[in-house]
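Everything on this sheet refers to the single structure shown next.
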Amino acid sequence: MKLTPEIANSLGLWIVCVPLLVLSIVQAFLIYRRAKSVADSGVVQLNSEEKNLALKTGLLTSIGPSITSFISIIGLQAVVGSPVALQRSAIICAAGTELRAANFAADAGGTVLGYGMPLEVYTAALWVMALNGCGWLLFCLIFTDKMTIATRKITGGSATMLTVFATSAILGTCCYNGTMYLKYGGGMITAFLCAVIMRSICALIAKKCKGILAWSMSLSLLAGMAGGAIFEYLNP
């Protein structure tokens with residue numbers, strides 16, 4: 001039997017995929033409640049204005065990645081169906097990684113990923129996608145709570161060093177994630193430069209209007225996506 005849109009979007013798949021979506025929502029609520037509890041306890045030494053700014057920044061910053069996630073889901077659901085695409089996006093939210101994992105299974109089965117592939121290969125693709133993300137999830141489960149201990153040892157308990165350490169980690173992560181795509185040239189470079197320029201503009205505006213900082217991440221992501229899309233459209 002071959003995979004069809006009716007099978008990929010069947011009630012049975014929705015039933016097994018929806019619980020994980022619900023779990024993600026519950027986790028988001030628990031993380032918010034925990035963060036609010038820590039902020040109110042005075043451990044992080046934030047006043048009410050700073051806590052509200054942090055919450056607003058988090059909400060606004062999520063806009064850009066949410067748009068990227070939405071686009072990723074559209075691409076993923078075209079080959080594995082809507083329920084599986086939503087489930088995988090709720091866990092990893094990296095369509096490229098999920099598609100590569102599924103393609104490995106399709107290649108091993110001697111077929112092409114998408115509707116029309118044998119159900120056996122489709123099932124194998126779902127297993128490969130699930131197992132591919134288990135390593136990351138287990139690492140977070142085992143070592144996330146240990147990061148506090150490591151951070152204290154590295155910074156020596158100094159609040160100043162903690163700020164330096166956190167800023168360095170964020171800059172390193174952003175630079176790595178951004179520059180690794182520059183090898184593809186063209187639209188990728190344009191998207192990277194547009195995002196950097198927009199972030200620089202936000203930093204300049206923030207000197208007179210600090211409220212722009214809450215929007216800077218989302219605006220940078222949107223500028224990058226728009227710049228890359230325009231470049232690809234003008235250079236097919």
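Labels used: A, B, ... for chains in the order of the structure tokens, numbers from 1 for residues in each chain, and numbers from 1 for ligands as shown.
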
Near Ser200 of chain A, within 12 Å and counting only C-alpha atoms, which residues show up once chain neighbours fewer than 2 positions away are dropped, as a short mmCIF file (atom, residue, chain, number, x, y, z; two decimals) with all heavy atoms, in the first residue's frame?
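So selection.cif came out as:
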data_model
loop_
_atom_site.label_atom_id
_atom_site.label_comp_id
_atom_site.auth_asym_id
_atom_site.auth_seq_id
_atom_site.Cartn_x
_atom_site.Cartn_y
_atom_site.Cartn_z
N LEU A 193 23.10 39.62 6.25
CA LEU A 193 23.46 41.04 6.30
C LEU A 193 22.26 41.91 6.65
O LEU A 193 22.38 42.87 7.42
CB LEU A 193 24.05 41.46 4.96
CG LEU A 193 25.42 40.86 4.60
CD1 LEU A 193 25.86 41.31 3.21
CD2 LEU A 193 26.47 41.25 5.63
N CYS A 194 21.08 41.58 6.10
CA CYS A 194 19.88 42.36 6.40
C CYS A 194 19.53 42.26 7.87
O CYS A 194 19.13 43.25 8.50
CB CYS A 194 18.71 41.86 5.55
SG CYS A 194 18.81 42.32 3.80
N ALA A 195 19.69 41.06 8.44
CA ALA A 195 19.40 40.88 9.86
C ALA A 195 20.38 41.66 10.72
O ALA A 195 19.99 42.30 11.71
CB ALA A 195 19.45 39.39 10.21
N VAL A 196 21.66 41.63 10.36
CA VAL A 196 22.69 42.36 11.12
C VAL A 196 22.43 43.87 11.04
O VAL A 196 22.52 44.58 12.05
CB VAL A 196 24.09 42.04 10.57
CG1 VAL A 196 25.14 42.96 11.20
CG2 VAL A 196 24.45 40.58 10.86
N ILE A 197 22.11 44.35 9.85
CA ILE A 197 21.85 45.79 9.67
C ILE A 197 20.64 46.23 10.49
O ILE A 197 20.66 47.26 11.16
CB ILE A 197 21.64 46.11 8.18
CG1 ILE A 197 22.96 45.93 7.42
CG2 ILE A 197 21.13 47.55 8.01
CD1 ILE A 197 22.82 46.04 5.92
N MET A 198 19.57 45.42 10.45
CA MET A 198 18.37 45.77 11.21
C MET A 198 18.66 45.78 12.70
O MET A 198 18.19 46.67 13.42
CB MET A 198 17.25 44.78 10.88
CG MET A 198 15.97 45.00 11.68
SD MET A 198 15.29 46.67 11.49
CE MET A 198 14.69 46.58 9.81
N CYS A 202 18.31 48.98 15.24
CA CYS A 202 17.54 48.91 16.50
C CYS A 202 18.40 49.36 17.68
O CYS A 202 17.91 50.04 18.59
CB CYS A 202 17.03 47.49 16.73
SG CYS A 202 15.72 46.98 15.60
N ALA A 203 19.68 48.98 17.67
CA ALA A 203 20.58 49.37 18.75
C ALA A 203 20.75 50.89 18.79
O ALA A 203 20.82 51.49 19.87
CB ALA A 203 21.93 48.68 18.58
N LEU A 204 20.82 51.52 17.63
CA LEU A 204 20.96 52.98 17.56
C LEU A 204 19.68 53.67 18.03
O LEU A 204 19.73 54.65 18.78
CB LEU A 204 21.28 53.40 16.12
CG LEU A 204 22.67 52.99 15.59
CD1 LEU A 204 22.80 53.35 14.12
CD2 LEU A 204 23.79 53.64 16.40
N ILE A 205 18.53 53.14 17.59
CA ILE A 205 17.26 53.73 18.01
C ILE A 205 17.05 53.57 19.51
O ILE A 205 16.46 54.43 20.17
CB ILE A 205 16.09 53.08 17.23
CG1 ILE A 205 16.23 53.37 15.73
CG2 ILE A 205 14.75 53.59 17.74
CD1 ILE A 205 15.19 52.68 14.88
N ALA A 206 17.56 52.47 20.06
CA ALA A 206 17.37 52.17 21.48
C ALA A 206 18.01 53.22 22.39
O ALA A 206 17.64 53.33 23.57
CB ALA A 206 17.93 50.80 21.80
N LYS A 207 18.96 53.98 21.87
CA LYS A 207 19.59 55.02 22.68
C LYS A 207 18.58 56.09 23.08
O LYS A 207 18.73 56.74 24.12
CB LYS A 207 20.75 55.64 21.91
CG LYS A 207 21.91 54.67 21.68
CD LYS A 207 23.04 55.35 20.93
CE LYS A 207 24.21 54.39 20.73
NZ LYS A 207 25.33 55.03 19.98
N ILE A 212 12.32 49.76 21.77
CA ILE A 212 12.62 49.05 20.52
C ILE A 212 13.40 47.77 20.76
O ILE A 212 13.39 46.85 19.93
CB ILE A 212 13.41 49.98 19.56
CG1 ILE A 212 13.45 49.41 18.14
CG2 ILE A 212 14.83 50.17 20.06
CD1 ILE A 212 12.12 49.37 17.46
N LEU A 213 14.08 47.69 21.92
CA LEU A 213 14.88 46.50 22.21
C LEU A 213 14.03 45.23 22.27
O LEU A 213 14.47 44.16 21.90
CB LEU A 213 15.63 46.69 23.53
CG LEU A 213 16.78 47.70 23.52
CD1 LEU A 213 17.36 47.85 24.92
CD2 LEU A 213 17.87 47.26 22.55
N SER A 216 13.64 44.10 18.71
CA SER A 216 14.84 43.99 17.86
C SER A 216 15.04 42.61 17.26
O SER A 216 15.37 42.46 16.08
CB SER A 216 16.08 44.42 18.64
OG SER A 216 16.26 43.58 19.78
N MET A 217 14.86 41.55 18.06
CA MET A 217 15.07 40.19 17.57
C MET A 217 14.09 39.84 16.46
O MET A 217 14.47 39.35 15.40
CB MET A 217 14.93 39.20 18.72
CG MET A 217 15.26 37.77 18.35
SD MET A 217 17.01 37.56 17.96
CE MET A 217 17.19 35.80 18.19
N LEU A 219 12.30 41.90 14.59
CA LEU A 219 12.52 42.76 13.42
C LEU A 219 13.73 42.28 12.62
O LEU A 219 13.71 42.30 11.38
CB LEU A 219 12.72 44.21 13.87
CG LEU A 219 11.49 44.91 14.44
CD1 LEU A 219 11.85 46.30 14.95
CD2 LEU A 219 10.39 45.02 13.37
N SER A 220 14.78 41.85 13.32
CA SER A 220 15.98 41.35 12.63
C SER A 220 15.67 40.07 11.84
O SER A 220 16.11 39.91 10.70
CB SER A 220 17.09 41.08 13.64
OG SER A 220 17.45 42.26 14.32
N ALA A 223 13.57 41.02 8.84
CA ALA A 223 14.39 41.69 7.83
C ALA A 223 15.26 40.68 7.09
O ALA A 223 15.43 40.77 5.87
CB ALA A 223 15.27 42.75 8.50
#

(message) Give me the residues near Gly187 of chain A as a list in words, where near means some atom within 10 Å (using only C-alpha atoms) and where sequence neighbours in that chain fewer than 2 positions away do not count.
(response)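 These residues fall inside the cut-off: Tyr181, Leu182, Tyr184, Gly185, Ile189, Thr190, Ala191, Phe192, Leu193, Gly224, Met225, Ala226, Gly227, Gly228, Ala229, Ile230, Phe231, Glu232, Tyr233, Leu234 and Asn235 of chain A.
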
(request) Would you list the contacts of Trp215 of chain A as a list in words, taking every protein, DNA or RNA residue within 8 Å and counting only C-alpha atoms, but skipping same-chain residues closer than 4 positions in sequence? (result)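 Final neighbour list, sorted by chain and number: Thr57, Leu60, Thr61, Gly211 and Leu219 of chain A.
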
(message) If we count only C-alpha atoms and set the cut-off at 12 Å, which residues sit around Ser24 of chain A, ignoring sequence neighbours fewer than 6 positions away in its own chain? Please answer as a list in words.
(response)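 The neighbour list is Cys17, Val18, Leu30, Ile31, Leu86, Gln87, Arg88, Ser89, Ala90, Ile91, Ile92 and Cys93 of chain A.
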
Go ahead and save the residues from that selection, with N, CA, C and O atoms, as a PDB file, in the first residue's frame.
ATOM      1  N   CYS A  17      -0.534  12.076  17.579  1.00  0.00           N
ATOM      2  CA  CYS A  17       0.359  13.241  17.505  1.00  0.00           C
ATOM      3  C   CYS A  17      -0.068  14.388  18.416  1.00  0.00           C
ATOM      4  O   CYS A  17       0.775  15.123  18.931  1.00  0.00           O
ATOM      5  N   VAL A  18      -1.381  14.549  18.608  1.00  0.00           N
ATOM      6  CA  VAL A  18      -1.881  15.671  19.400  1.00  0.00           C
ATOM      7  C   VAL A  18      -1.372  15.671  20.851  1.00  0.00           C
ATOM      8  O   VAL A  18      -1.051  16.742  21.386  1.00  0.00           O
ATOM      9  N   LEU A  30       4.438  25.650  32.415  1.00  0.00           N
ATOM     10  CA  LEU A  30       5.234  25.336  33.602  1.00  0.00           C
ATOM     11  C   LEU A  30       6.517  26.164  33.643  1.00  0.00           C
ATOM     12  O   LEU A  30       6.949  26.627  34.708  1.00  0.00           O
ATOM     13  N   ILE A  31       7.142  26.355  32.471  1.00  0.00           N
ATOM     14  CA  ILE A  31       8.363  27.168  32.413  1.00  0.00           C
ATOM     15  C   ILE A  31       8.053  28.613  32.779  1.00  0.00           C
ATOM     16  O   ILE A  31       8.803  29.264  33.527  1.00  0.00           O
ATOM     17  N   LEU A  86       3.198  18.836  12.544  1.00  0.00           N
ATOM     18  CA  LEU A  86       2.956  19.610  13.762  1.00  0.00           C
ATOM     19  C   LEU A  86       3.642  18.973  14.960  1.00  0.00           C
ATOM     20  O   LEU A  86       4.198  19.662  15.813  1.00  0.00           O
ATOM     21  N   GLN A  87       3.601  17.649  15.025  1.00  0.00           N
ATOM     22  CA  GLN A  87       4.241  16.953  16.139  1.00  0.00           C
ATOM     23  C   GLN A  87       5.737  17.192  16.149  1.00  0.00           C
ATOM     24  O   GLN A  87       6.330  17.517  17.177  1.00  0.00           O
ATOM     25  N   ARG A  88       6.392  17.014  14.990  1.00  0.00           N
ATOM     26  CA  ARG A  88       7.837  17.180  14.926  1.00  0.00           C
ATOM     27  C   ARG A  88       8.239  18.632  15.181  1.00  0.00           C
ATOM     28  O   ARG A  88       9.256  18.909  15.810  1.00  0.00           O
ATOM     29  N   SER A  89       7.434  19.573  14.705  1.00  0.00           N
ATOM     30  CA  SER A  89       7.740  20.987  14.925  1.00  0.00           C
ATOM     31  C   SER A  89       7.602  21.355  16.394  1.00  0.00           C
ATOM     32  O   SER A  89       8.291  22.253  16.882  1.00  0.00           O
ATOM     33  N   ALA A  90       6.711  20.674  17.110  1.00  0.00           N
ATOM     34  CA  ALA A  90       6.540  20.938  18.538  1.00  0.00           C
ATOM     35  C   ALA A  90       7.741  20.476  19.340  1.00  0.00           C
ATOM     36  O   ALA A  90       8.001  20.975  20.439  1.00  0.00           O
ATOM     37  N   ILE A  91       8.518  19.534  18.792  1.00  0.00           N
ATOM     38  CA  ILE A  91       9.667  18.993  19.516  1.00  0.00           C
ATOM     39  C   ILE A  91      10.964  19.684  19.097  1.00  0.00           C
ATOM     40  O   ILE A  91      11.700  20.218  19.916  1.00  0.00           O
ATOM     41  N   ILE A  92      11.255  19.666  17.800  1.00  0.00           N
ATOM     42  CA  ILE A  92      12.530  20.152  17.281  1.00  0.00           C
ATOM     43  C   ILE A  92      12.385  21.491  16.574  1.00  0.00           C
ATOM     44  O   ILE A  92      13.216  22.377  16.710  1.00  0.00           O
ATOM     45  N   CYS A  93      11.313  21.645  15.813  1.00  0.00           N
ATOM     46  CA  CYS A  93      11.064  22.877  15.049  1.00  0.00           C
ATOM     47  C   CYS A  93      12.210  23.175  14.091  1.00  0.00           C
ATOM     48  O   CYS A  93      12.684  24.294  13.982  1.00  0.00           O
TER      49      CYS A  93
END

(request) Please indicate the distance in Å from atom CA of Gly96 of chain A to atom CA of Ala28 of chain A, rounded to one decimal place. (result)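 Interatomic distance here is 23.7 Å.
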
Name the residues in contact with segment 105-120 of chain A at a cut-off of 8 Å, using only C-alpha atoms, excluding same-chain residues fewer than 3 positions from it; report them as a PDB file with C-alpha atoms, in the first residue's frame.
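Wrote it out as result-v9.pdb, contents follow:
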ATOM      1  CA  MET A   1       0.000   0.000   0.000  1.00  0.00           C
ATOM      2  CA  LYS A   2       1.165   3.513  -0.826  1.00  0.00           C
ATOM      3  CA  LEU A   3       1.066   6.633   1.326  1.00  0.00           C
ATOM      4  CA  THR A   4      -1.832   8.914   0.370  1.00  0.00           C
ATOM      5  CA  PRO A   5      -2.967  12.322   1.737  1.00  0.00           C
ATOM      6  CA  ALA A  78       3.678  18.453   2.100  1.00  0.00           C
ATOM      7  CA  VAL A  79       5.639  15.191   2.393  1.00  0.00           C
ATOM      8  CA  VAL A  80       4.670  13.628   5.754  1.00  0.00           C
ATOM      9  CA  ALA A 101      16.179  12.235   8.697  1.00  0.00           C
ATOM     10  CA  ALA A 102      13.102  11.168   6.737  1.00  0.00           C
ATOM     11  CA  THR A 123       6.720   4.211   9.030  1.00  0.00           C
ATOM     12  CA  ALA A 124      10.502   3.851   8.994  1.00  0.00           C
ATOM     13  CA  ALA A 125      10.813   7.585   8.228  1.00  0.00           C
ATOM     14  CA  VAL A 128      14.085   7.796  12.080  1.00  0.00           C
TER      15      VAL A 128
END

(message) For a test of reading the model, state the distance in Å between atom CA of Ala35 of chain A and atom CA of Asn52 of chain A, rounded to one decimal.
(response) 12.2 Å

(request) Determine the nearest neighbour of Leu221 of chain A from the options A:Cys175, A:Thr167, A:Asn132, A:Ser66, counting only C-alpha atoms. (result) A:Ser66

(message) Using only C-alpha atoms, can you tell me which of A:Trp136, A:Phe104, A:Phe29, A:Tyr176 comes closest to Tyr122 of chain A?
(response) A:Phe104

(message) Taking only segment 91-211 of chain A into account, list the residues labelled alpha helix (DSSP H) by DSSP (computed from the backbone), as a ChimeraX atom specification.
(response) /A:91,95-108,119-143,147-155,159-179,187-205

(message) With only C-alpha atoms as the counted atoms, please give the residues lying no more than 9 Å from segment 11-15 of chain A, apart from itself and same-chain residues fewer than 6 positions off, as a ChimeraX atom specification.
(response) /A:82-84
